[in-house]
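Q: Pasting in a structure now, in structure tokens, and then I'll have a few things to ask.
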Amino acid sequence: MLITTIDQMHRWSAQQRRDGKQIGVVPTMGYLHNGHCSLIKCASNECDVVVTTIFVNPLQFGVGEDFERYPRDLQRDYTIASDAGTTVVFAPRTDEMYPSNYATFVDVGPIGEKFEGTFRPGHFRGVVTVVAKLFHITQPHLAYFGQKDYQQTLVIAQLIRDLNFDISMVVLPTVREHDGLAMSSRNVYLSPEQRHHATALYRALQAATNAINSGERRSHALAELMTKVIADNDHVRVDYAAAVQAGTLEEVTEFSSGEQAALLVAGRIGPIRLIDNELVTIP
Ligand code: AMP
């Protein structure tokens with residue numbers, strides 16, 4: 001079923017709750033791929049009903065970013081989402097979510113100011129605001145997110161804690177193409193040649209993971225290694241490459257055994273910006 005108004009979505013979710021149903025929500029910006037489908041399939045296994053939201057949220061795009069040209073195809077998405085186990089696709093119009101008198105925003109703390117927050121000022125404020133709205137609108141018991149956007153999962157965990165949403169968050173692994181490139185709606189922008197260069201991000205993560213497994217503990221050495229692997233490819237510009245504590249995104253001098261490191265990379269191929277990450281437990 002397709003729902004486009006907040007009022008109808010509220011009423012549907014309220015009815016499901018009265019009927020004792022567990023509601024799972026999968027927030028997306030659409031142009032669905034197998035990464036999204038893995039979230040929907042997991043939600044459909046764990047919940048009685050699944051709401052997949054499709055909304056290209058203008059608030060999380062900066063000036064000069066790709067909001068206008070972000071790929072959109074609701075019909076295609078509706079079929080993919082339904083086939084993967086979605087009960088309701090919630091696809092509101094922009095003015096349904098942000099009427100002209102809209103004025104309230106949710107600010108995230110320091111966790112949203114690093115990495116993506118530095119390169120995309122205001123991005124997480126937009127993400128957190130829309131996710132808070134989608135939680136209120138869809139009334140889920142469980143909410144599904146991808147590790148692909150690792151910093152985003154920390155920011156949303158903070159939102160859920162701080163604003164006391166009675167929602168369990170589920171984070172699922174990154175789904176990749178055969179050559180390691182993380183699936184992303186933005187991959188459609190890549191020319192065949194750019195698509196080839198885009199694997200540099202994954203190769204950097206692999207190189208750092210191998211270094212950790214061979215005994216490297218120094219955060220800066222891991223960052224340098226990832227930067228070098230990406231920068232060796234003339235077509236990819238590095239925005240950042242870092243090895244940080246997974247829970248806090250704090251830099252450390254050296255990781256200790258048993259600690260979880262987050263390897264974070266972001267780069268640009270022409271105007272196309274790609275991010276990726278890997279979580280590694282230090283042996
Ligand atoms: P997006 O439509 O890109 O905003 O993503 C919607 C949700 O799907 C977010 O929770 C993403 O982290 C997740 N997601 C996007 N790409 C992938 C992927 N390759 N593997 C797993 N989850 C993903």
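Scheme for the structure tokens: letters A, B, ... for chains in order shown; per-chain residue numbers from 1; ligand numbers from 1 in order shown.
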Just want the 6 Å neighbourhood of segment 137-151 of chain A, counted on only C-alpha atoms, with same-chain residues fewer than 3 positions away dropped. Output as a list of chain:residue names.

A: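 Skipping anything fewer than 3 positions along the chain leaves A:His10, A:Ser13, A:Ile23, A:Gly24, A:Val25, A:Val26, A:Leu134, A:Leu154, A:Ile167, A:Ser168, A:Met169, A:Val170, A:Val171, A:Leu172, A:Pro173, A:Thr174.
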
Q: When you look at segment 82-98 of chain A with a cut-off of 9 Å (counting only C-alpha atoms), what residues show up, excluding the ones that are within fewer than 2 positions of it in the same chain? I need them as a JSON list (two decimals) with all heavy atoms, in the first residue's frame.

A:
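Now in out_12.json:
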[["chain", "number", "residue", "atom", "x", "y", "z"],
["A", 1, "MET", "N", 0.85, -1.19, 0.00],
["A", 1, "MET", "CA", 0.00, 0.00, 0.00],
["A", 1, "MET", "C", 0.90, 1.25, 0.00],
["A", 1, "MET", "O", 1.94, 1.26, 0.65],
["A", 1, "MET", "CB", -0.87, -0.01, 1.26],
["A", 1, "MET", "CG", -1.78, 1.19, 1.34],
["A", 1, "MET", "SD", -3.01, 1.18, 2.68],
["A", 1, "MET", "CE", -2.22, 0.35, 4.00],
["A", 2, "LEU", "N", 0.46, 2.28, -0.73],
["A", 2, "LEU", "CA", 1.20, 3.55, -0.76],
["A", 2, "LEU", "C", 0.46, 4.59, 0.08],
["A", 2, "LEU", "O", -0.76, 4.77, -0.09],
["A", 2, "LEU", "CB", 1.33, 4.06, -2.20],
["A", 2, "LEU", "CG", 2.00, 5.42, -2.38],
["A", 2, "LEU", "CD1", 3.48, 5.36, -2.02],
["A", 2, "LEU", "CD2", 1.83, 5.94, -3.82],
["A", 3, "ILE", "N", 1.16, 5.23, 0.99],
["A", 3, "ILE", "CA", 0.57, 6.31, 1.79],
["A", 3, "ILE", "C", 1.42, 7.56, 1.57],
["A", 3, "ILE", "O", 2.66, 7.48, 1.60],
["A", 3, "ILE", "CB", 0.53, 5.94, 3.29],
["A", 3, "ILE", "CG1", -0.46, 4.77, 3.51],
["A", 3, "ILE", "CG2", 0.14, 7.14, 4.15],
["A", 3, "ILE", "CD1", -0.60, 4.32, 4.96],
["A", 4, "THR", "N", 0.76, 8.68, 1.33],
["A", 4, "THR", "CA", 1.51, 9.90, 1.07],
["A", 4, "THR", "C", 1.22, 11.01, 2.09],
["A", 4, "THR", "O", 1.93, 12.01, 2.10],
["A", 4, "THR", "CB", 1.22, 10.45, -0.35],
["A", 4, "THR", "OG1", -0.17, 10.69, -0.45],
["A", 4, "THR", "CG2", 1.67, 9.48, -1.43],
["A", 5, "THR", "N", 0.18, 10.82, 2.91],
["A", 5, "THR", "CA", -0.11, 11.89, 3.87],
["A", 5, "THR", "C", 0.20, 11.46, 5.30],
["A", 5, "THR", "O", 0.09, 10.27, 5.65],
["A", 5, "THR", "CB", -1.59, 12.34, 3.82],
["A", 5, "THR", "OG1", -2.40, 11.27, 4.31],
["A", 5, "THR", "CG2", -2.02, 12.72, 2.41],
["A", 6, "ILE", "N", 0.61, 12.43, 6.10],
["A", 6, "ILE", "CA", 0.96, 12.16, 7.49],
["A", 6, "ILE", "C", -0.27, 11.69, 8.25],
["A", 6, "ILE", "O", -0.21, 10.75, 9.05],
["A", 6, "ILE", "CB", 1.57, 13.44, 8.12],
["A", 6, "ILE", "CG1", 2.93, 13.72, 7.46],
["A", 6, "ILE", "CG2", 1.72, 13.30, 9.63],
["A", 6, "ILE", "CD1", 3.53, 15.08, 7.75],
["A", 9, "MET", "N", -0.94, 8.10, 7.50],
["A", 9, "MET", "CA", 0.13, 7.26, 8.07],
["A", 9, "MET", "C", -0.08, 7.10, 9.57],
["A", 9, "MET", "O", 0.01, 6.00, 10.11],
["A", 9, "MET", "CB", 1.48, 7.90, 7.75],
["A", 9, "MET", "CG", 2.68, 7.02, 8.05],
["A", 9, "MET", "SD", 2.80, 5.60, 6.95],
["A", 9, "MET", "CE", 2.60, 4.28, 8.12],
["A", 37, "CYS", "N", 17.24, -3.25, 0.46],
["A", 37, "CYS", "CA", 16.42, -4.48, 0.51],
["A", 37, "CYS", "C", 16.82, -5.36, 1.69],
["A", 37, "CYS", "O", 15.96, -6.01, 2.28],
["A", 37, "CYS", "CB", 16.53, -5.27, -0.79],
["A", 37, "CYS", "SG", 15.65, -4.46, -2.12],
["A", 38, "SER", "N", 18.11, -5.37, 2.03],
["A", 38, "SER", "CA", 18.51, -6.21, 3.17],
["A", 38, "SER", "C", 17.87, -5.67, 4.45],
["A", 38, "SER", "O", 17.49, -6.44, 5.33],
["A", 38, "SER", "CB", 20.03, -6.32, 3.27],
["A", 38, "SER", "OG", 20.57, -5.27, 4.02],
["A", 40, "ILE", "N", 14.94, -4.03, 4.57],
["A", 40, "ILE", "CA", 13.50, -4.33, 4.48],
["A", 40, "ILE", "C", 13.24, -5.81, 4.78],
["A", 40, "ILE", "O", 12.32, -6.16, 5.52],
["A", 40, "ILE", "CB", 12.96, -3.95, 3.08],
["A", 40, "ILE", "CG1", 13.10, -2.44, 2.84],
["A", 40, "ILE", "CG2", 11.50, -4.39, 2.93],
["A", 40, "ILE", "CD1", 12.85, -2.00, 1.39],
["A", 41, "LYS", "N", 14.09, -6.67, 4.22],
["A", 41, "LYS", "CA", 13.90, -8.12, 4.44],
["A", 41, "LYS", "C", 14.07, -8.47, 5.91],
["A", 41, "LYS", "O", 13.30, -9.25, 6.46],
["A", 41, "LYS", "CB", 14.91, -8.92, 3.60],
["A", 41, "LYS", "CG", 14.50, -8.97, 2.14],
["A", 41, "LYS", "CD", 15.52, -9.73, 1.31],
["A", 41, "LYS", "CE", 15.16, -9.59, -0.16],
["A", 41, "LYS", "NZ", 16.30, -9.77, -1.05],
["A", 42, "CYS", "N", 15.08, -7.89, 6.54],
["A", 42, "CYS", "CA", 15.30, -8.16, 7.96],
["A", 42, "CYS", "C", 14.11, -7.65, 8.77],
["A", 42, "CYS", "O", 13.60, -8.35, 9.66],
["A", 42, "CYS", "CB", 16.59, -7.51, 8.41],
["A", 42, "CYS", "SG", 16.98, -7.85, 10.12],
["A", 43, "ALA", "N", 13.64, -6.45, 8.44],
["A", 43, "ALA", "CA", 12.48, -5.88, 9.15],
["A", 43, "ALA", "C", 11.27, -6.79, 8.96],
["A", 43, "ALA", "O", 10.51, -7.04, 9.90],
["A", 43, "ALA", "CB", 12.18, -4.48, 8.62],
["A", 44, "SER", "N", 11.11, -7.32, 7.76],
["A", 44, "SER", "CA", 9.92, -8.13, 7.51],
["A", 44, "SER", "C", 10.02, -9.48, 8.22],
["A", 44, "SER", "O", 9.00, -10.07, 8.59],
["A", 44, "SER", "CB", 9.65, -8.22, 6.01],
["A", 44, "SER", "OG", 9.79, -9.49, 5.53],
["A", 45, "ASN", "N", 11.25, -9.96, 8.48],
["A", 45, "ASN", "CA", 11.40, -11.19, 9.27],
["A", 45, "ASN", "C", 11.12, -10.94, 10.75],
["A", 45, "ASN", "O", 10.62, -11.81, 11.44],
["A", 45, "ASN", "CB", 12.84, -11.73, 9.16],
["A", 45, "ASN", "CG", 13.06, -12.40, 7.83],
["A", 45, "ASN", "OD1", 12.10, -12.88, 7.21],
["A", 45, "ASN", "ND2", 14.29, -12.44, 7.37],
["A", 49, "VAL", "N", 4.60, -5.87, 10.57],
["A", 49, "VAL", "CA", 4.37, -4.99, 9.41],
["A", 49, "VAL", "C", 5.59, -4.08, 9.24],
["A", 49, "VAL", "O", 6.26, -3.74, 10.21],
["A", 49, "VAL", "CB", 3.09, -4.13, 9.57],
["A", 49, "VAL", "CG1", 1.84, -4.98, 9.44],
["A", 49, "VAL", "CG2", 3.10, -3.37, 10.89],
["A", 50, "VAL", "N", 5.85, -3.73, 7.99],
["A", 50, "VAL", "CA", 7.04, -2.91, 7.69],
["A", 50, "VAL", "C", 6.63, -1.67, 6.91],
["A", 50, "VAL", "O", 5.93, -1.76, 5.89],
["A", 50, "VAL", "CB", 8.06, -3.71, 6.84],
["A", 50, "VAL", "CG1", 9.27, -2.83, 6.48],
["A", 50, "VAL", "CG2", 8.51, -4.96, 7.55],
["A", 51, "VAL", "N", 7.08, -0.52, 7.40],
["A", 51, "VAL", "CA", 6.89, 0.73, 6.67],
["A", 51, "VAL", "C", 8.25, 1.13, 6.10],
["A", 51, "VAL", "O", 9.22, 1.30, 6.85],
["A", 51, "VAL", "CB", 6.40, 1.87, 7.60],
["A", 51, "VAL", "CG1", 6.20, 3.16, 6.80],
["A", 51, "VAL", "CG2", 5.11, 1.47, 8.31],
["A", 52, "THR", "N", 8.32, 1.25, 4.78],
["A", 52, "THR", "CA", 9.53, 1.79, 4.15],
["A", 52, "THR", "C", 9.22, 3.23, 3.78],
["A", 52, "THR", "O", 8.23, 3.49, 3.06],
["A", 52, "THR", "CB", 9.91, 0.98, 2.89],
["A", 52, "THR", "OG1", 10.21, -0.36, 3.30],
["A", 52, "THR", "CG2", 11.13, 1.57, 2.20],
["A", 53, "THR", "N", 10.01, 4.16, 4.29],
["A", 53, "THR", "CA", 9.75, 5.56, 3.95],
["A", 53, "THR", "C", 10.68, 5.97, 2.82],
["A", 53, "THR", "O", 11.85, 5.58, 2.80],
["A", 53, "THR", "CB", 9.91, 6.50, 5.17],
["A", 53, "THR", "OG1", 11.29, 6.63, 5.51],
["A", 53, "THR", "CG2", 9.15, 5.99, 6.37],
["A", 54, "ILE", "N", 10.14, 6.71, 1.89],
["A", 54, "ILE", "CA", 10.91, 7.20, 0.75],
["A", 54, "ILE", "C", 10.73, 8.70, 0.69],
["A", 54, "ILE", "O", 9.63, 9.20, 0.40],
["A", 54, "ILE", "CB", 10.43, 6.53, -0.55],
["A", 54, "ILE", "CG1", 10.70, 5.02, -0.46],
["A", 54, "ILE", "CG2", 11.12, 7.15, -1.77],
["A", 54, "ILE", "CD1", 10.29, 4.22, -1.65],
["A", 55, "PHE", "N", 11.79, 9.41, 1.04],
["A", 55, "PHE", "CA", 11.69, 10.87, 1.08],
["A", 55, "PHE", "C", 13.07, 11.45, 0.88],
["A", 55, "PHE", "O", 13.97, 11.20, 1.69],
["A", 55, "PHE", "CB", 11.11, 11.32, 2.43],
["A", 55, "PHE", "CG", 10.96, 12.81, 2.55],
["A", 55, "PHE", "CD1", 10.11, 13.51, 1.69],
["A", 55, "PHE", "CD2", 11.66, 13.52, 3.51],
["A", 55, "PHE", "CE1", 9.97, 14.89, 1.79],
["A", 55, "PHE", "CE2", 11.52, 14.90, 3.63],
["A", 55, "PHE", "CZ", 10.68, 15.58, 2.76],
["A", 56, "VAL", "N", 13.26, 12.17, -0.20],
["A", 56, "VAL", "CA", 14.54, 12.86, -0.42],
["A", 56, "VAL", "C", 14.44, 14.16, 0.38],
["A", 56, "VAL", "O", 13.71, 15.08, 0.01],
["A", 56, "VAL", "CB", 14.80, 13.12, -1.92],
["A", 56, "VAL", "CG1", 16.18, 13.74, -2.12],
["A", 56, "VAL", "CG2", 14.71, 11.81, -2.71],
["A", 57, "ASN", "N", 15.15, 14.17, 1.49],
["A", 57, "ASN", "CA", 14.98, 15.20, 2.51],
["A", 57, "ASN", "C", 15.83, 16.43, 2.19],
["A", 57, "ASN", "O", 17.04, 16.40, 2.38],
["A", 57, "ASN", "CB", 15.41, 14.59, 3.85],
["A", 57, "ASN", "CG", 15.41, 15.60, 4.98],
["A", 57, "ASN", "OD1", 14.59, 16.52, 5.00],
["A", 57, "ASN", "ND2", 16.32, 15.42, 5.93],
["A", 58, "PRO", "N", 15.20, 17.53, 1.75],
["A", 58, "PRO", "CA", 16.01, 18.68, 1.34],
["A", 58, "PRO", "C", 16.88, 19.22, 2.47],
["A", 58, "PRO", "O", 17.95, 19.76, 2.22],
["A", 58, "PRO", "CB", 14.96, 19.73, 0.91],
["A", 58, "PRO", "CG", 13.66, 19.27, 1.48],
["A", 58, "PRO", "CD", 13.75, 17.78, 1.64],
["A", 74, "LEU", "N", 9.62, 6.60, -7.97],
["A", 74, "LEU", "CA", 8.74, 6.05, -6.95],
["A", 74, "LEU", "C", 8.11, 4.72, -7.39],
["A", 74, "LEU", "O", 7.98, 3.80, -6.59],
["A", 74, "LEU", "CB", 7.66, 7.06, -6.57],
["A", 74, "LEU", "CG", 6.72, 6.61, -5.44],
["A", 74, "LEU", "CD1", 7.47, 6.22, -4.18],
["A", 74, "LEU", "CD2", 5.69, 7.69, -5.12],
["A", 77, "ASP", "N", 10.64, 2.03, -7.01],
["A", 77, "ASP", "CA", 10.87, 1.80, -5.59],
["A", 77, "ASP", "C", 9.72, 1.05, -4.94],
["A", 77, "ASP", "O", 9.92, 0.19, -4.09],
["A", 77, "ASP", "CB", 11.07, 3.14, -4.85],
["A", 77, "ASP", "CG", 12.44, 3.74, -5.12],
["A", 77, "ASP", "OD1", 13.32, 3.02, -5.63],
["A", 77, "ASP", "OD2", 12.63, 4.95, -4.83],
["A", 78, "TYR", "N", 8.49, 1.40, -5.35],
["A", 78, "TYR", "CA", 7.32, 0.76, -4.75],
["A", 78, "TYR", "C", 7.36, -0.75, -5.01],
["A", 78, "TYR", "O", 7.12, -1.56, -4.10],
["A", 78, "TYR", "CB", 6.03, 1.37, -5.33],
["A", 78, "TYR", "CG", 4.81, 0.78, -4.69],
["A", 78, "TYR", "CD1", 4.34, 1.27, -3.48],
["A", 78, "TYR", "CD2", 4.15, -0.30, -5.27],
["A", 78, "TYR", "CE1", 3.24, 0.72, -2.86],
["A", 78, "TYR", "CE2", 3.04, -0.87, -4.66],
["A", 78, "TYR", "CZ", 2.59, -0.35, -3.45],
["A", 78, "TYR", "OH", 1.51, -0.92, -2.84],
["A", 79, "THR", "N", 7.71, -1.12, -6.24],
["A", 79, "THR", "CA", 7.78, -2.54, -6.60],
["A", 79, "THR", "C", 8.89, -3.24, -5.81],
["A", 79, "THR", "O", 8.68, -4.31, -5.23],
["A", 79, "THR", "CB", 8.06, -2.69, -8.11],
["A", 79, "THR", "OG1", 7.06, -1.95, -8.80],
["A", 79, "THR", "CG2", 8.03, -4.13, -8.56],
["A", 80, "ILE", "N", 10.07, -2.61, -5.78],
["A", 80, "ILE", "CA", 11.20, -3.24, -5.09],
["A", 80, "ILE", "C", 10.90, -3.38, -3.60],
["A", 80, "ILE", "O", 11.13, -4.44, -3.00],
["A", 80, "ILE", "CB", 12.50, -2.41, -5.30],
["A", 80, "ILE", "CG1", 12.91, -2.44, -6.78],
["A", 80, "ILE", "CG2", 13.63, -2.91, -4.42],
["A", 80, "ILE", "CD1", 14.08, -1.54, -7.13],
["A", 100, "SER", "N", 5.03, 25.58, 4.63],
["A", 100, "SER", "CA", 5.76, 26.85, 4.56],
["A", 100, "SER", "C", 6.00, 27.48, 5.93],
["A", 100, "SER", "O", 6.95, 28.23, 6.10],
["A", 100, "SER", "CB", 5.01, 27.83, 3.65],
["A", 100, "SER", "OG", 3.72, 28.01, 4.17],
["A", 101, "ASN", "N", 5.19, 27.13, 6.92],
["A", 101, "ASN", "CA", 5.40, 27.71, 8.25],
["A", 101, "ASN", "C", 6.24, 26.80, 9.15],
["A", 101, "ASN", "O", 6.28, 26.97, 10.36],
["A", 101, "ASN", "CB", 4.05, 27.99, 8.92],
["A", 101, "ASN", "CG", 3.19, 26.74, 9.04],
["A", 101, "ASN", "OD1", 3.55, 25.68, 8.50],
["A", 101, "ASN", "ND2", 2.08, 26.84, 9.74],
["A", 102, "TYR", "N", 6.95, 25.84, 8.57],
["A", 102, "TYR", "CA", 7.74, 24.89, 9.35],
["A", 102, "TYR", "C", 8.91, 25.58, 10.04],
["A", 102, "TYR", "O", 9.62, 26.37, 9.40],
["A", 102, "TYR", "CB", 8.28, 23.76, 8.45],
["A", 102, "TYR", "CG", 8.89, 22.66, 9.28],
["A", 102, "TYR", "CD1", 8.10, 21.67, 9.84],
["A", 102, "TYR", "CD2", 10.25, 22.67, 9.59],
["A", 102, "TYR", "CE1", 8.65, 20.69, 10.65],
["A", 102, "TYR", "CE2", 10.80, 21.71, 10.42],
["A", 102, "TYR", "CZ", 9.99, 20.72, 10.94],
["A", 102, "TYR", "OH", 10.53, 19.77, 11.76],
["A", 103, "ALA", "N", 9.16, 25.28, 11.34],
["A", 103, "ALA", "CA", 10.19, 26.05, 12.06],
["A", 103, "ALA", "C", 11.01, 25.27, 13.09],
["A", 103, "ALA", "O", 11.93, 25.83, 13.67],
["A", 103, "ALA", "CB", 9.54, 27.24, 12.76],
["A", 130, "VAL", "N", 14.52, 14.95, 10.26],
["A", 130, "VAL", "CA", 13.57, 14.16, 9.47],
["A", 130, "VAL", "C", 13.33, 12.79, 10.10],
["A", 130, "VAL", "O", 12.20, 12.29, 10.09],
["A", 130, "VAL", "CB", 14.02, 14.03, 7.99],
["A", 130, "VAL", "CG1", 15.05, 12.94, 7.77],
["A", 130, "VAL", "CG2", 12.82, 13.78, 7.09],
["A", 133, "LYS", "N", 10.89, 13.17, 12.87],
["A", 133, "LYS", "CA", 9.54, 13.33, 12.31],
["A", 133, "LYS", "C", 9.01, 11.97, 11.81],
["A", 133, "LYS", "O", 7.86, 11.61, 12.09],
["A", 133, "LYS", "CB", 9.56, 14.33, 11.14],
["A", 133, "LYS", "CG", 9.66, 15.78, 11.60],
["A", 133, "LYS", "CD", 9.92, 16.73, 10.44],
["A", 133, "LYS", "CE", 8.79, 16.85, 9.45],
["A", 133, "LYS", "NZ", 7.59, 17.54, 9.99],
["A", 138, "THR", "N", 5.41, 7.40, 11.83],
["A", 138, "THR", "CA", 5.19, 5.97, 11.55],
["A", 138, "THR", "C", 5.04, 5.13, 12.82],
["A", 138, "THR", "O", 4.63, 3.98, 12.75],
["A", 138, "THR", "CB", 6.35, 5.39, 10.70],
["A", 138, "THR", "OG1", 7.58, 5.53, 11.42],
["A", 138, "THR", "CG2", 6.47, 6.12, 9.36]]

Q: Neighbours of Ala262 of chain A within 9 Å (only C-alpha atoms; same-chain residues fewer than 4 positions away dropped), as an NGL selection string?

A: :A and (150 or 242-247 or 249 or 277-281)

Q: Would you save the residues of that selection, restricted to N, CA and C atoms, as a short mmCIF file (atom, residue, chain, number, x, y, z; two decimals), in the first residue's frame?

A:
data_model
loop_
_atom_site.label_atom_id
_atom_site.label_comp_id
_atom_site.auth_asym_id
_atom_site.auth_seq_id
_atom_site.Cartn_x
_atom_site.Cartn_y
_atom_site.Cartn_z
N TYR A 150 27.87 4.95 8.86
CA TYR A 150 28.17 4.59 10.25
C TYR A 150 27.97 5.75 11.22
N ALA A 242 40.22 8.03 8.39
CA ALA A 242 40.55 8.06 9.81
C ALA A 242 40.27 6.70 10.45
N ALA A 243 41.03 6.42 11.49
CA ALA A 243 40.79 5.24 12.31
C ALA A 243 40.50 5.75 13.71
N VAL A 244 39.28 5.56 14.18
CA VAL A 244 38.84 6.16 15.45
C VAL A 244 38.11 5.12 16.30
N GLN A 245 37.90 5.46 17.57
CA GLN A 245 37.13 4.57 18.44
C GLN A 245 35.70 4.47 17.91
N ALA A 246 35.21 3.24 17.79
CA ALA A 246 33.93 3.04 17.11
C ALA A 246 32.74 3.69 17.85
N GLY A 247 32.78 3.69 19.17
CA GLY A 247 31.63 4.19 19.92
C GLY A 247 31.55 5.70 19.98
N LEU A 249 33.85 7.94 18.00
CA LEU A 249 34.55 8.58 16.87
C LEU A 249 35.71 9.45 17.34
N ASN A 277 33.01 2.62 5.25
CA ASN A 277 33.63 2.37 6.55
C ASN A 277 33.72 0.88 6.80
N GLU A 278 34.51 0.55 7.80
CA GLU A 278 34.62 -0.84 8.25
C GLU A 278 34.84 -0.79 9.75
N LEU A 279 34.24 -1.72 10.46
CA LEU A 279 34.49 -1.83 11.91
C LEU A 279 35.41 -3.03 12.12
N VAL A 280 36.47 -2.82 12.87
CA VAL A 280 37.43 -3.89 13.08
C VAL A 280 37.72 -4.01 14.57
N THR A 281 37.63 -5.23 15.10
CA THR A 281 38.03 -5.46 16.49
C THR A 281 39.53 -5.72 16.52
#

Q: Pick out the residues sitting within 6 Å of Gln60 of chain A, and hand them over as a ChimeraX atom specification; count only C-alpha atoms, and ignore anything fewer than 6 positions along from it in its own chain.

A: /A:123,126-127

Q: From the list A:Gln22, A:Gln15, A:Thr118, A:Thr129, which residue is nearest Ile156 of chain A when using only C-alpha atoms?

A: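 Looking only at the distances to Ile156 of chain A, the closest residue turns out to be A:Thr129.
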
Q: As an exercise, work out the distance from atom CA of Ala204 of chain A to atom CA of Met226 of chain A in Å and give it to one decimal place.

A: 4.5 Å

Q: Using DSSP on the backbone, list every residue of segment 27-65 of chain A that comes out as strand (DSSP E), and give them as a PyMOL selection string.

A: chain A and resi 27-28+49-54

Q: Please return, as a VMD selection string, all residues of segment 10-85 of chain A that DSSP assigns to helix (DSSP H, G or I) on the basis of the backbone.

A: chain A and resid 10 to 18 34 to 46 58 to 60 74 to 84

Q: Can you tell me, as a compact mmCIF listing (two decimals) with N, CA and C atoms, in the first residue's frame, what residues are no more than 12 Å from Ala207 of chain A when counting only C-alpha atoms, ignoring any on the same chain fewer than 5 positions away?

A:
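New file around.txt:
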# COMPACT_ATOMS: atom_id res chain seq x y z
N ALA A 200 38.62 2.36 -4.91
CA ALA A 200 39.76 2.79 -4.08
C ALA A 200 39.37 2.90 -2.60
N LEU A 201 38.13 3.33 -2.34
CA LEU A 201 37.70 3.49 -0.95
C LEU A 201 37.71 2.13 -0.23
N TYR A 202 37.14 1.14 -0.89
CA TYR A 202 37.08 -0.18 -0.27
C TYR A 202 38.48 -0.77 -0.13
N ILE A 212 45.85 -3.88 10.53
CA ILE A 212 45.45 -4.14 11.93
C ILE A 212 45.66 -5.61 12.26
N ASN A 213 45.25 -6.47 11.34
CA ASN A 213 45.39 -7.91 11.61
C ASN A 213 46.85 -8.35 11.61
N SER A 214 47.74 -7.51 11.01
CA SER A 214 49.18 -7.82 11.06
C SER A 214 49.85 -7.11 12.23
N GLU A 216 49.27 -3.66 13.37
CA GLU A 216 49.29 -2.19 13.46
C GLU A 216 48.22 -1.72 14.46
N ALA A 221 48.94 5.91 11.70
CA ALA A 221 49.55 5.08 10.65
C ALA A 221 48.45 4.47 9.78
N LEU A 222 47.35 4.09 10.41
CA LEU A 222 46.23 3.51 9.65
C LEU A 222 45.59 4.58 8.75
N ALA A 223 45.47 5.78 9.30
CA ALA A 223 44.90 6.89 8.52
C ALA A 223 45.78 7.20 7.32
N GLU A 224 47.09 7.23 7.56
CA GLU A 224 48.02 7.52 6.46
C GLU A 224 47.96 6.46 5.38
N LEU A 225 47.88 5.21 5.82
CA LEU A 225 47.81 4.10 4.87
C LEU A 225 46.56 4.23 3.99
N MET A 226 45.43 4.51 4.60
CA MET A 226 44.18 4.63 3.82
C MET A 226 44.24 5.82 2.87
N THR A 227 44.79 6.94 3.38
CA THR A 227 44.93 8.13 2.53
C THR A 227 45.78 7.81 1.31
N LYS A 228 46.87 7.08 1.56
CA LYS A 228 47.79 6.76 0.46
C LYS A 228 47.10 5.87 -0.58
N VAL A 229 46.39 4.86 -0.11
CA VAL A 229 45.73 3.95 -1.07
C VAL A 229 44.73 4.74 -1.93
N ILE A 230 43.99 5.64 -1.30
CA ILE A 230 43.00 6.40 -2.08
C ILE A 230 43.70 7.41 -3.00
N LEU A 263 37.02 2.40 10.87
CA LEU A 263 37.81 2.96 9.76
C LEU A 263 36.82 3.73 8.89
N GLU A 278 34.51 0.55 7.80
CA GLU A 278 34.62 -0.84 8.25
C GLU A 278 34.84 -0.79 9.75

Q: Under the rule that only C-alpha atoms and all ligand atoms are counted, which of A:Met183, A:Leu163, A:Val252, A:Ala208 is the nearest residue to ligand 1?

A: A:Met183

Q: Given only C-alpha atoms and all ligand atoms as the basis, pick out the residue of A:Thr28, A:Asn164, A:Thr199, A:Thr248 nearest to ligand 1.

A: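 Once distances to ligand 1 are computed over only C-alpha atoms and all ligand atoms, the minimum belongs to A:Thr28.
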
Q: Measuring atom to atom with only C-alpha atoms and all ligand atoms, identify which of A:Phe124, A:Phe255, A:Phe105, A:Tyr240 is nearest to ligand 1.

A: A:Phe124
